[in-house]
$ cat run_24.pdb   # PDB, C-alpha atoms and all ligand atoms
ATOM      1  CA  MET A   1     -20.102   0.062  -4.401
ATOM      2  CA  LEU A   2     -18.964   3.423  -5.821
ATOM      3  CA  SER A   3     -17.185   4.077  -9.113
ATOM      4  CA  LYS A   4     -14.152   6.327  -9.441
ATOM      5  CA  SER A   5     -16.238   9.155 -10.891
ATOM      6  CA  GLU A   6     -18.860   8.841  -8.130
ATOM      7  CA  ILE A   7     -16.064   9.010  -5.544
ATOM      8  CA  ARG A   8     -14.708  12.132  -7.266
ATOM      9  CA  ASP A   9     -18.138  13.798  -7.199
ATOM     10  CA  ILE A  10     -18.598  12.962  -3.523
ATOM     11  CA  LEU A  11     -15.224  14.465  -2.670
ATOM     12  CA  ARG A  12     -15.783  17.603  -4.740
ATOM     13  CA  ASP A  13     -19.084  18.221  -2.900
ATOM     14  CA  GLY A  14     -17.602  16.912   0.329
ATOM     15  CA  GLN A  15     -18.121  19.720   2.845
ATOM     16  CA  GLY A  16     -14.553  20.994   2.523
ATOM     17  CA  LEU A  17     -12.873  17.620   3.104
ATOM     18  CA  ILE A  18     -10.369  18.068   0.283
ATOM     19  CA  LYS A  19      -9.601  21.597   1.516
ATOM     20  CA  TYR A  20      -8.877  20.406   5.068
ATOM     21  CA  ILE A  21      -6.581  17.648   3.862
ATOM     22  CA  GLY A  22      -4.737  20.144   1.656
ATOM     23  CA  MET A  23      -5.842  19.020  -1.802
ATOM     24  CA  SER A  24      -7.864  22.124  -2.690
ATOM     25  CA  GLY A  25      -7.307  25.853  -2.214
ATOM     26  CA  HIS A  26      -9.521  28.375  -0.412
ATOM     27  CA  ASP A  27     -11.734  28.540  -3.513
ATOM     28  CA  GLY A  28     -12.572  24.868  -2.919
ATOM     29  CA  LEU A  29     -11.097  23.844  -6.268
ATOM     30  CA  LEU A  30      -8.613  21.016  -6.571
ATOM     31  CA  LYS A  31      -5.047  22.369  -6.649
ATOM     32  CA  LYS A  32      -3.309  21.856 -10.005
ATOM     33  CA  ASP A  33      -0.392  20.013  -8.406
ATOM     34  CA  MET A  34      -2.823  17.708  -6.605
ATOM     35  CA  GLU A  35      -4.638  16.392  -9.680
ATOM     36  CA  LYS A  36      -2.354  13.377 -10.106
ATOM     37  CA  LYS A  37      -2.593  12.433  -6.414
ATOM     38  CA  PHE A  38      -6.366  12.961  -6.472
ATOM     39  CA  ASN A  39      -6.689  10.558  -9.421
ATOM     40  CA  GLU A  40      -4.472   7.978  -7.723
ATOM     41  CA  ILE A  41      -6.418   8.253  -4.460
ATOM     42  CA  THR A  42      -9.822   7.908  -6.135
ATOM     43  CA  GLY A  43      -8.583   4.993  -8.289
ATOM     44  CA  PHE A  44      -7.187   3.239  -5.206
ATOM     45  CA  CYS A  45     -10.395   3.954  -3.232
ATOM     46  CA  GLU A  46     -12.535   2.388  -5.934
ATOM     47  CA  ASN A  47     -10.600  -0.878  -5.570
ATOM     48  CA  ILE A  48     -10.643  -0.746  -1.766
ATOM     49  CA  LEU A  49     -14.422  -0.278  -1.771
ATOM     50  CA  LYS A  50     -14.811  -3.386  -3.951
ATOM     51  CA  VAL A  51     -12.848  -5.378  -1.386
ATOM     52  CA  VAL A  52     -14.724  -3.941   1.598
ATOM     53  CA  LYS A  53     -17.999  -4.983  -0.019
ATOM     54  CA  ASN A  54     -17.085  -8.612   0.783
ATOM     55  CA  LEU A  55     -16.075  -8.014   4.411
ATOM     56  CA  ASP A  56     -18.434  -8.420   7.367
ATOM     57  CA  ARG A  57     -19.759  -4.871   7.615
ATOM     58  CA  THR A  58     -21.647  -5.464  10.856
ATOM     59  CA  LYS A  59     -18.199  -5.255  12.529
ATOM     60  CA  GLU A  60     -15.762  -2.345  12.542
ATOM     61  CA  ILE A  61     -13.237  -2.668   9.717
ATOM     62  CA  VAL A  62      -9.690  -1.810  10.788
ATOM     63  CA  PHE A  63      -7.310  -0.300   8.232
ATOM     64  CA  LEU A  64      -3.586   0.166   8.613
ATOM     65  CA  GLU A  65      -2.107   2.686   6.178
ATOM     66  CA  CYS A  66       1.658   2.201   6.004
ATOM     67  CA  SER A  67       3.871   5.147   4.963
ATOM     68  CA  CYS A  68       0.754   7.290   5.191
ATOM     69  CA  GLY A  69       2.466  10.666   4.657
ATOM     70  CA  LYS A  70      -0.356  13.222   4.965
ATOM     71  CA  SER A  71      -2.869  10.327   4.940
ATOM     72  CA  TYR A  72      -4.917  11.634   2.031
ATOM     73  CA  LEU A  73      -6.051   8.071   1.344
ATOM     74  CA  SER A  74      -7.240   7.333   4.898
ATOM     75  CA  PHE A  75      -9.014  10.682   5.264
ATOM     76  CA  VAL A  76     -10.832  10.185   1.971
ATOM     77  CA  LEU A  77     -11.780   6.586   2.839
ATOM     78  CA  ASN A  78     -12.950   7.599   6.293
ATOM     79  CA  TYR A  79     -15.125  10.341   4.849
ATOM     80  CA  ILE A  80     -16.688   7.951   2.334
ATOM     81  CA  PHE A  81     -17.275   5.213   4.931
ATOM     82  CA  THR A  82     -18.524   7.234   7.866
ATOM     83  CA  VAL A  83     -20.255  10.166   6.186
ATOM     84  CA  GLU A  84     -21.484   8.649   2.921
ATOM     85  CA  LEU A  85     -21.896   4.891   3.431
ATOM     86  CA  GLY A  86     -22.346   4.471   7.179
ATOM     87  CA  VAL A  87     -19.694   1.724   7.358
ATOM     88  CA  LYS A  88     -17.942   1.444  10.746
ATOM     89  CA  ALA A  89     -14.203   1.753  10.262
ATOM     90  CA  PHE A  90     -11.040   2.501  12.225
ATOM     91  CA  PHE A  91      -7.834   3.851  10.692
ATOM     92  CA  VAL A  92      -4.246   3.627  11.860
ATOM     93  CA  GLY A  93      -1.605   5.589   9.966
ATOM     94  CA  VAL A  94       2.119   4.943  10.314
ATOM     95  CA  ASP A  95       4.995   6.994   8.958
ATOM     96  CA  THR A  96       8.642   7.656   9.795
ATOM     97  CA  ASN A  97       8.190  11.420   9.318
ATOM     98  CA  ARG A  98       7.286  12.900  12.704
ATOM     99  CA  ASP A  99       6.135  16.249  11.251
ATOM    100  CA  LEU A 100       3.705  14.538   8.880
ATOM    101  CA  ILE A 101       2.292  12.434  11.717
ATOM    102  CA  GLN A 102       1.724  15.610  13.722
ATOM    103  CA  LYS A 103       0.040  17.214  10.700
ATOM    104  CA  CYS A 104      -2.237  14.168  10.366
ATOM    105  CA  ASP A 105      -3.200  14.512  14.042
ATOM    106  CA  GLU A 106      -4.070  18.186  13.524
ATOM    107  CA  THR A 107      -6.171  17.426  10.429
ATOM    108  CA  ARG A 108      -7.923  14.587  12.258
ATOM    109  CA  SER A 109      -8.929  16.871  15.105
ATOM    110  CA  ILE A 110     -10.149  19.634  12.708
ATOM    111  CA  LEU A 111     -12.297  17.040  10.915
ATOM    112  CA  GLY A 112     -13.459  15.521  14.215
ATOM    113  CA  PHE A 113     -12.566  12.007  13.089
ATOM    114  CA  SER A 114     -12.172  10.226  16.433
ATOM    115  CA  ASN A 115     -11.785   6.830  14.716
ATOM    116  CA  MET A 116      -8.242   7.567  13.507
ATOM    117  CA  VAL A 117      -4.818   7.331  15.150
ATOM    118  CA  PHE A 118      -1.404   8.130  13.741
ATOM    119  CA  GLN A 119       1.867   6.698  14.889
ATOM    120  CA  HIS A 120       5.429   7.780  14.268
ATOM    121  CA  ALA A 121       7.156   4.474  13.459
ATOM    122  CA  ARG A 122       8.846   2.453  10.788
ATOM    123  CA  THR A 123       6.249   0.117   9.300
ATOM    124  CA  ILE A 124       8.236  -3.014  10.081
ATOM    125  CA  ASP A 125       8.489  -1.993  13.756
ATOM    126  CA  PHE A 126       4.803  -1.119  14.126
ATOM    127  CA  GLU A 127       2.941  -3.151  16.754
ATOM    128  CA  THR A 128      -0.763  -3.218  17.591
ATOM    129  CA  ASP A 129      -3.208  -5.216  19.693
ATOM    130  CA  ARG A 130      -5.967  -4.576  17.164
ATOM    131  CA  THR A 131      -6.989  -7.107  14.541
ATOM    132  CA  VAL A 132      -6.076  -5.378  11.307
ATOM    133  CA  ASP A 133      -8.368  -6.257   8.406
ATOM    134  CA  VAL A 134      -6.828  -4.307   5.545
ATOM    135  CA  VAL A 135      -3.218  -3.146   5.129
ATOM    136  CA  LEU A 136      -2.724  -0.321   2.632
ATOM    137  CA  ALA A 137       0.309   1.430   1.182
ATOM    138  CA  LEU A 138       0.303   4.069  -1.529
ATOM    139  CA  HIS A 139       3.709   4.934  -2.960
ATOM    140  CA  ALA A 140       5.630   3.819   0.106
ATOM    141  CA  CYS A 141       9.238   4.523  -0.879
ATOM    142  CA  ASP A 142      11.096   1.526  -2.351
ATOM    143  CA  THR A 143      11.428  -1.187   0.315
ATOM    144  CA  ALA A 144       8.833   0.516   2.580
ATOM    145  CA  THR A 145       6.298  -1.245   0.305
ATOM    146  CA  ASP A 146       7.930  -4.548   1.242
ATOM    147  CA  GLU A 147       7.695  -3.616   4.910
ATOM    148  CA  ALA A 148       3.945  -3.066   4.416
ATOM    149  CA  ILE A 149       3.595  -6.499   2.786
ATOM    150  CA  ALA A 150       5.662  -8.199   5.506
ATOM    151  CA  ARG A 151       3.736  -6.375   8.235
ATOM    152  CA  GLY A 152       0.429  -7.358   6.654
ATOM    153  CA  ILE A 153       1.465 -11.019   6.564
ATOM    154  CA  LYS A 154       2.685 -10.866  10.147
ATOM    155  CA  LEU A 155      -0.587  -9.239  11.264
ATOM    156  CA  ASP A 156      -2.494 -11.899   9.336
ATOM    157  CA  ALA A 157      -4.443  -9.159   7.524
ATOM    158  CA  LYS A 158      -7.380 -10.318   5.399
ATOM    159  CA  HIS A 159      -6.312  -7.958   2.625
ATOM    160  CA  ILE A 160      -2.993  -6.393   1.682
ATOM    161  CA  MET A 161      -3.260  -3.721  -1.005
ATOM    162  CA  VAL A 162      -0.142  -1.871  -2.110
ATOM    163  CA  VAL A 163       0.563   0.536  -4.936
ATOM    164  CA  PRO A 164       4.381   0.529  -5.023
ATOM    165  CA  CYS A 165       6.530   3.580  -5.621
ATOM    166  CA  CYS A 166      10.054   2.900  -6.856
ATOM    167  CA  GLN A 167      11.823  -0.432  -7.274
ATOM    168  CA  GLY A 168      15.405   0.710  -6.742
ATOM    169  CA  GLN A 169      16.592  -2.216  -4.690
ATOM    170  CA  VAL A 170      16.242  -4.857  -7.410
ATOM    171  CA  ARG A 171      17.333  -2.446 -10.165
ATOM    172  CA  SER A 172      20.801  -2.144  -8.655
ATOM    173  CA  GLN A 173      21.157  -5.942  -8.382
ATOM    174  CA  ILE A 174      20.289  -7.138 -11.876
ATOM    175  CA  LYS A 175      22.947  -5.572 -14.078
ATOM    176  CA  LYS A 176      24.626  -8.876 -14.959
ATOM    177  CA  ARG A 177      25.228 -12.571 -14.149
ATOM    178  CA  HIS A 178      21.826 -13.906 -15.205
ATOM    179  CA  LEU A 179      20.261 -15.301 -18.379
ATOM    180  CA  LEU A 180      18.586 -12.026 -19.382
ATOM    181  CA  SER A 181      21.612  -9.764 -18.942
ATOM    182  CA  GLY A 182      21.321  -9.027 -22.673
ATOM    183  CA  ILE A 183      18.226  -7.038 -21.683
ATOM    184  CA  THR A 184      19.280  -5.552 -18.352
ATOM    185  CA  GLN A 185      22.647  -4.220 -19.566
ATOM    186  CA  PHE A 186      20.712  -1.239 -21.006
ATOM    187  CA  GLY A 187      19.802   1.287 -18.322
ATOM    188  CA  LEU A 188      16.311   2.114 -19.585
ATOM    189  CA  LEU A 189      15.354  -1.529 -20.105
ATOM    190  CA  ARG A 190      16.848  -2.447 -16.736
ATOM    191  CA  TYR A 191      14.653   0.226 -15.134
ATOM    192  CA  LYS A 192      11.479  -1.126 -16.745
ATOM    193  CA  PHE A 193      12.441  -4.756 -16.175
ATOM    194  CA  ALA A 194      13.267  -4.131 -12.484
ATOM    195  CA  ASN A 195       9.781  -2.701 -11.958
ATOM    196  CA  ILE A 196       8.178  -5.821 -13.397
ATOM    197  CA  LEU A 197      10.516  -8.221 -11.613
ATOM    198  CA  THR A 198      10.070  -6.477  -8.249
ATOM    199  CA  ASP A 199       6.283  -6.570  -8.431
ATOM    200  CA  ALA A 200       6.387 -10.196  -9.617
ATOM    201  CA  LEU A 201       8.572 -11.097  -6.613
ATOM    202  CA  ARG A 202       6.153  -9.287  -4.291
ATOM    203  CA  SER A 203       3.184 -11.071  -5.844
ATOM    204  CA  GLN A 204       4.873 -14.502  -5.664
ATOM    205  CA  PHE A 205       5.793 -13.855  -2.052
ATOM    206  CA  LEU A 206       2.178 -13.051  -1.206
ATOM    207  CA  LEU A 207       0.948 -16.124  -3.094
ATOM    208  CA  GLY A 208       3.440 -18.217  -1.181
ATOM    209  CA  SER A 209       2.208 -16.735   2.092
ATOM    210  CA  GLY A 210      -1.348 -17.924   1.475
ATOM    211  CA  TYR A 211      -2.867 -14.980  -0.384
ATOM    212  CA  PHE A 212      -4.823 -14.878  -3.623
ATOM    213  CA  VAL A 213      -3.200 -12.116  -5.688
ATOM    214  CA  GLU A 214      -4.477  -9.873  -8.464
ATOM    215  CA  LEU A 215      -2.830  -6.896 -10.149
ATOM    216  CA  PHE A 216      -4.761  -3.865 -11.395
ATOM    217  CA  GLU A 217      -4.063  -0.422 -12.782
ATOM    218  CA  ILE A 218      -5.621   2.219 -10.500
ATOM    219  CA  VAL A 219      -5.267   4.946 -13.137
ATOM    220  CA  SER A 220      -4.094   5.064 -16.719
ATOM    221  CA  PRO A 221      -0.274   4.885 -17.070
ATOM    222  CA  LYS A 222      -0.524   8.219 -18.911
ATOM    223  CA  GLN A 223      -1.831   9.810 -15.707
ATOM    224  CA  SER A 224       0.692   8.114 -13.440
ATOM    225  CA  PRO A 225       3.414   5.556 -14.188
ATOM    226  CA  LYS A 226       3.241   4.342 -10.563
ATOM    227  CA  ASN A 227      -0.208   2.915 -11.087
ATOM    228  CA  ILE A 228       0.004  -0.829 -10.345
ATOM    229  CA  LEU A 229      -2.048  -2.142  -7.446
ATOM    230  CA  ILE A 230      -1.034  -5.473  -5.942
ATOM    231  CA  SER A 231      -4.212  -6.658  -4.262
ATOM    232  CA  ALA A 232      -3.929  -9.741  -2.037
ATOM    233  CA  ARG A 233      -6.670 -11.635  -0.171
ATOM    234  CA  LYS A 234      -5.830 -14.196   2.517
ATOM    235  CA  ILE A 235      -7.112 -17.649   1.596
ATOM    236  CA  LYS A 236      -4.948 -20.128   3.494
ATOM    237  CA  ASN A 237      -1.973 -20.422   5.792
ATOM    238  CA  LYS A 238       0.763 -20.923   3.261
ATOM    239  CA  ASN A 239       1.378 -22.171  -0.215
ATOM    240  CA  LYS A 240       4.679 -24.030  -0.418
ATOM    241  CA  ARG A 241       4.603 -24.453  -4.190
ATOM    242  CA  ASN A 242       4.317 -20.736  -4.807
ATOM    243  CA  LEU A 243       6.947 -19.846  -2.252
ATOM    244  CA  GLU A 244       9.238 -22.078  -4.267
ATOM    245  CA  GLU A 245       8.380 -19.984  -7.318
ATOM    246  CA  TYR A 246       9.333 -16.872  -5.395
ATOM    247  CA  TYR A 247      12.713 -18.405  -4.599
ATOM    248  CA  GLU A 248      13.214 -19.679  -8.138
ATOM    249  CA  LEU A 249      12.535 -16.211  -9.537
ATOM    250  CA  SER A 250      14.787 -14.566  -7.003
ATOM    251  CA  ASN A 251      17.594 -17.080  -7.632
ATOM    252  CA  MET A 252      17.248 -16.705 -11.418
ATOM    253  CA  PHE A 253      18.342 -13.073 -11.072
ATOM    254  CA  ASN A 254      20.608 -13.507  -8.015
ATOM    255  CA  THR A 255      18.606 -10.923  -6.120
ATOM    256  CA  SER A 256      18.755 -10.406  -2.427
ATOM    257  CA  PHE A 257      15.278  -8.983  -2.213
ATOM    258  CA  GLY A 258      13.817  -6.903   0.636
ATOM    259  CA  LEU A 259      10.978  -9.296   1.372
ATOM    260  CA  HIS A 260      13.410 -12.145   1.482
ATOM    261  CA  ASN A 261      15.379 -10.330   4.154
ATOM    262  CA  LEU A 262      12.271  -9.305   6.057
ATOM    263  CA  LEU A 263      11.146 -12.912   5.933
ATOM    264  CA  PHE A 264      14.461 -13.970   7.429
ATOM    265  CA  GLU A 265      13.936 -11.509  10.292
ATOM    266  CA  HIS A 266      10.458 -12.996  10.691
ATOM    267  CA  ARG A 267      11.825 -16.493  10.844
ATOM    268  CA  MET A 268      14.156 -15.336  13.607
ATOM    269  CA  ASN A 269      11.079 -14.029  15.440
ATOM    270  CA  GLY A 270       9.156 -17.249  14.789
ATOM    271  CA  SER A 271       6.535 -15.609  12.593
ATOM    272  CA  LEU A 272       3.608 -17.021  10.677
ATOM    273  CA  VAL A 273       5.656 -17.381   7.530
ATOM    274  CA  ASN A 274       7.610 -20.563   7.891
ATOM    275  CA  MET A 275       9.829 -21.583   5.003
ATOM    276  CA  SER A 276      10.577 -25.139   6.102
TER     277      SER A 276
HETATM  278  C1  LIG B 301       6.101   9.195  -1.411
HETATM  279  S1  LIG B 301       5.503   9.392   0.232
HETATM  280  C2  LIG B 301       3.857   8.757   0.076
HETATM  281  C3  LIG B 301       2.963   9.293   1.158
HETATM  282  C4  LIG B 301       1.481   8.906   1.011
HETATM  283  N1  LIG B 301       1.279   7.485   1.082
HETATM  284  C5  LIG B 301       0.895   9.475  -0.256
HETATM  285  O1  LIG B 301       0.644   8.719  -1.214
HETATM  286  O2  LIG B 301       0.694  10.685  -0.311
HETATM  287  C6  LIG B 301       6.345   8.101   1.082
HETATM  288  C7  LIG B 301       6.206   8.163   2.617
HETATM  289  O3  LIG B 301       6.820   7.000   3.160
HETATM  290  C8  LIG B 301       7.394   7.336   4.416
HETATM  291  N2  LIG B 301       8.331   6.235   4.750
HETATM  292  C9  LIG B 301       9.493   5.908   4.124
HETATM  293  N3  LIG B 301      10.018   4.786   4.643
HETATM  294  C10 LIG B 301       9.148   4.358   5.599
HETATM  295  C11 LIG B 301       9.116   3.227   6.469
HETATM  296  N4  LIG B 301      10.081   2.305   6.446
HETATM  297  N5  LIG B 301       8.079   3.090   7.328
HETATM  298  C12 LIG B 301       7.083   4.031   7.368
HETATM  299  N6  LIG B 301       7.074   5.129   6.551
HETATM  300  C13 LIG B 301       8.081   5.288   5.686
HETATM  301  C14 LIG B 301       7.988   8.705   4.171
HETATM  302  O4  LIG B 301       8.205   9.423   5.372
HETATM  303  C15 LIG B 301       6.884   9.354   3.290
HETATM  304  O5  LIG B 301       5.942  10.043   4.057
END
$ encode --input "run_24.pdb" --output "structure tokens"
Amino acid sequence: MLSKSEIRDILRDGQGLIKYIGMSGHDGLLKKDMEKKFNEITGFCENILKVVKNLDRTKEIVFLECSCGKSYLSFVLNYIFTVELGVKAFFVGVDTNRDLIQKCDETRSILGFSNMVFQHARTIDFETDRTVDVVLALHACDTATDEAIARGIKLDAKHIMVVPCCQGQVRSQIKKRHLLSGITQFGLLRYKFANILTDALRSQFLLGSGYFVELFEIVSPKQSPKNILISARKIKNKNKRNLEEYYELSNMFNTSFGLHNLLFEHRMNGSLVNMS
């Protein structure tokens, strides 16, 4: 498919797309304060395109972008698919910020993208009759990333691809009372360790839910510290052994993790993820 630099070139020549989505000024040049986001978006897109390559492209591919904000990612993907590659796709964006959802609707109608809808909702409460192929989340705040993962599992999405934002929930839980408290007693190390532990818990949870999981860097850490992509592909219904690893890891640090809690809610609702 396309490399990051090819995606960048397409967007820079892209008939005003980046202007309409608010990433460039009237001169058509990328805004200074948008460079980091632009790099993250193009790095994420490159990985999404690799995944899409293996999907059945004779059918419409349905994307759900959780915590979409201004939906830069979906607008860019839609442009690349429909205008550049001729791939049939449908996009659903969900966010708790009503003003941003309204802004997305306005941008969608300016661009004439009729294959996009935006919904004001919390990710975990989002419902759809559509078969969602790919669940995406870019920098969904803290546990909103976990909602995207849980929603993706519940929707039985073929791919769940999340680039997490902050990992505050675990950070506040791992100060002491575990074997590595000699590390986590120091604020800076606890911060770094919580990031790793949180993304390991997310990855183990996905493995345990029947997904094959890989982690990538979408941009260099010098460009953005929030650069880890957890990319999961559904391969089977569940994987008991790996779910045990998720629990072992969680118990090792006495964490009450977001996904754990979301899973419990799912069990109450009789979801796909069954722990027994
Ligand atoms: C840091 S912004 C990222 C926006 C966008 N993905 C981007 O990269 O530009 C995080 C977004 O998550 C939304 N959000 C926070 N919690 C959410 C939840 N539980 N469900 C849906 N959206 C949520 C916020 O309203 C905000 O727009």
$ residues_near_ligand --input "run_24.pdb" --ligand "ligand LIG 301 (chain B)" --cutoff "7 Å" --atoms "all atoms listed in the file" --output "number ranges by chain"
A: 66-72, 94-97, 100, 121-124, 137-141, 144, 147
$ resolve_selection --input "run_24.pdb" --expression "the PyMOL selection byres (((chain A and resi 149) around 9) and not hetatm)" --output "list in words"
Val135, Leu136, Ala137, Ala144, Thr145, Asp146, Glu147, Ala148, Ala150, Arg151, Gly152, Ile153, Lys154, Ile160, Met161, Val162, Arg202, Leu206 and Leu259 of chain A
$ write_last_selection --input "run_24.pdb" --atoms "C-alpha atoms" --output "CSV table (one decimal), in the coordinates of the input"
chain,number,residue,atom,x,y,z
A,135,VAL,CA,-3.2,-3.1,5.1
A,136,LEU,CA,-2.7,-0.3,2.6
A,137,ALA,CA,0.3,1.4,1.2
A,144,ALA,CA,8.8,0.5,2.6
A,145,THR,CA,6.3,-1.2,0.3
A,146,ASP,CA,7.9,-4.5,1.2
A,147,GLU,CA,7.7,-3.6,4.9
A,148,ALA,CA,3.9,-3.1,4.4
A,150,ALA,CA,5.7,-8.2,5.5
A,151,ARG,CA,3.7,-6.4,8.2
A,152,GLY,CA,0.4,-7.4,6.7
A,153,ILE,CA,1.5,-11.0,6.6
A,154,LYS,CA,2.7,-10.9,10.1
A,160,ILE,CA,-3.0,-6.4,1.7
A,161,MET,CA,-3.3,-3.7,-1.0
A,162,VAL,CA,-0.1,-1.9,-2.1
A,202,ARG,CA,6.2,-9.3,-4.3
A,206,LEU,CA,2.2,-13.1,-1.2
A,259,LEU,CA,11.0,-9.3,1.4
$ atom_distance --input "run_24.pdb" --atom1 "atom CA of Val163 of chain A" --atom2 "atom CA of Asn254 of chain A"
24.7 Å
$ atom_distance --input "run_24.pdb" --atom1 "atom CA of Val51 of chain A" --atom2 "atom CA of Ile235 of chain A"
13.9 Å
$ closest_residue --input "run_24.pdb" --among "A:Val92, A:Ile10, A:Ile21, A:Ile61" --to "Ile80 of chain A" --atoms "all atoms listed in the file"
A:Ile10
$ residues_around --input "run_24.pdb" --residues "segment 111-115 of chain A" --least-positions-apart "2" --cutoff "6 Å" --atoms "all atoms listed in the file" --output "ChimeraX atom specification"
/A:90,108-109
$ residues_around --input "run_24.pdb" --residues "segment 182-197 of chain A" --least-positions-apart "3" --cutoff "6 Å" --atoms "all atoms listed in the file" --output "ChimeraX atom specification"
/A:167,170-171,175,200
$ resolve_selection --input "run_24.pdb" --expression "the PyMOL selection byres (((chain A and resi 1) around 8) and not hetatm)" --output "VMD selection string"
chain A and resid 2 to 3 49 to 50 53
$ closest_residue --input "run_24.pdb" --among "A:Gly22, A:Gly43, A:Gly16, A:Gly86" --to "Arg57 of chain A" --atoms "only C-alpha atoms"
A:Gly86
$ residues_near_point --input "run_24.pdb" --point "(-15.6, 1.8, 5.4)" --cutoff "12 Å" --atoms "only C-alpha atoms" --output "PyMOL selection string"
chain A and resi 1-2+45-46+48-63+74-91+115+133-134
$ write_last_selection --input "run_24.pdb" --atoms "C-alpha atoms" --output "short mmCIF file (atom, residue, chain, number, x, y, z; two decimals), in the coordinates of the input"
data_model
loop_
_atom_site.label_atom_id
_atom_site.label_comp_id
_atom_site.auth_asym_id
_atom_site.auth_seq_id
_atom_site.Cartn_x
_atom_site.Cartn_y
_atom_site.Cartn_z
CA MET A 1 -20.10 0.06 -4.40
CA LEU A 2 -18.96 3.42 -5.82
CA CYS A 45 -10.40 3.95 -3.23
CA GLU A 46 -12.54 2.39 -5.93
CA ILE A 48 -10.64 -0.75 -1.77
CA LEU A 49 -14.42 -0.28 -1.77
CA LYS A 50 -14.81 -3.39 -3.95
CA VAL A 51 -12.85 -5.38 -1.39
CA VAL A 52 -14.72 -3.94 1.60
CA LYS A 53 -18.00 -4.98 -0.02
CA ASN A 54 -17.08 -8.61 0.78
CA LEU A 55 -16.08 -8.01 4.41
CA ASP A 56 -18.43 -8.42 7.37
CA ARG A 57 -19.76 -4.87 7.62
CA THR A 58 -21.65 -5.46 10.86
CA LYS A 59 -18.20 -5.26 12.53
CA GLU A 60 -15.76 -2.35 12.54
CA ILE A 61 -13.24 -2.67 9.72
CA VAL A 62 -9.69 -1.81 10.79
CA PHE A 63 -7.31 -0.30 8.23
CA SER A 74 -7.24 7.33 4.90
CA PHE A 75 -9.01 10.68 5.26
CA VAL A 76 -10.83 10.18 1.97
CA LEU A 77 -11.78 6.59 2.84
CA ASN A 78 -12.95 7.60 6.29
CA TYR A 79 -15.12 10.34 4.85
CA ILE A 80 -16.69 7.95 2.33
CA PHE A 81 -17.27 5.21 4.93
CA THR A 82 -18.52 7.23 7.87
CA VAL A 83 -20.26 10.17 6.19
CA GLU A 84 -21.48 8.65 2.92
CA LEU A 85 -21.90 4.89 3.43
CA GLY A 86 -22.35 4.47 7.18
CA VAL A 87 -19.69 1.72 7.36
CA LYS A 88 -17.94 1.44 10.75
CA ALA A 89 -14.20 1.75 10.26
CA PHE A 90 -11.04 2.50 12.22
CA PHE A 91 -7.83 3.85 10.69
CA ASN A 115 -11.78 6.83 14.72
CA ASP A 133 -8.37 -6.26 8.41
CA VAL A 134 -6.83 -4.31 5.54
#
$ atom_distance --input "run_24.pdb" --atom1 "atom CA of Thr255 of chain A" --atom2 "atom CA of Ile218 of chain A"
27.9 Å
$ resolve_selection --input "run_24.pdb" --expression "the PyMOL selection byres (((chain A and resi 34) around 12) and not hetatm)" --output "MDAnalysis selection string"
chainID A and resid 18:19 21:25 29:33 35:41 72
$ closest_residue --input "run_24.pdb" --among "A:Cys104, A:Leu73, A:Leu180, A:Ala232" --to "His120 of chain A" --atoms "only C-alpha atoms"
A:Cys104
$ closest_residue --input "run_24.pdb" --among "A:Thr198, A:Gly93, A:Asp156, A:Glu6" --to "Ser256 of chain A" --atoms "all atoms listed in the file"
A:Thr198
$ closest_residue --input "run_24.pdb" --among "A:Ser231, A:Phe216, A:Gly14, A:Phe257" --to "Gln169 of chain A" --atoms "only C-alpha atoms"
A:Phe257
$ axis_aligned_box --input "run_24.pdb" --around "segment 173-191 of chain A" --padding-each-side "5 Å" --output "AutoDock Vina command-line options"
--center_x 19.9 --center_y -6.6 --center_z -15.5 --size_x 20.6 --size_y 27.4 --size_z 24.3
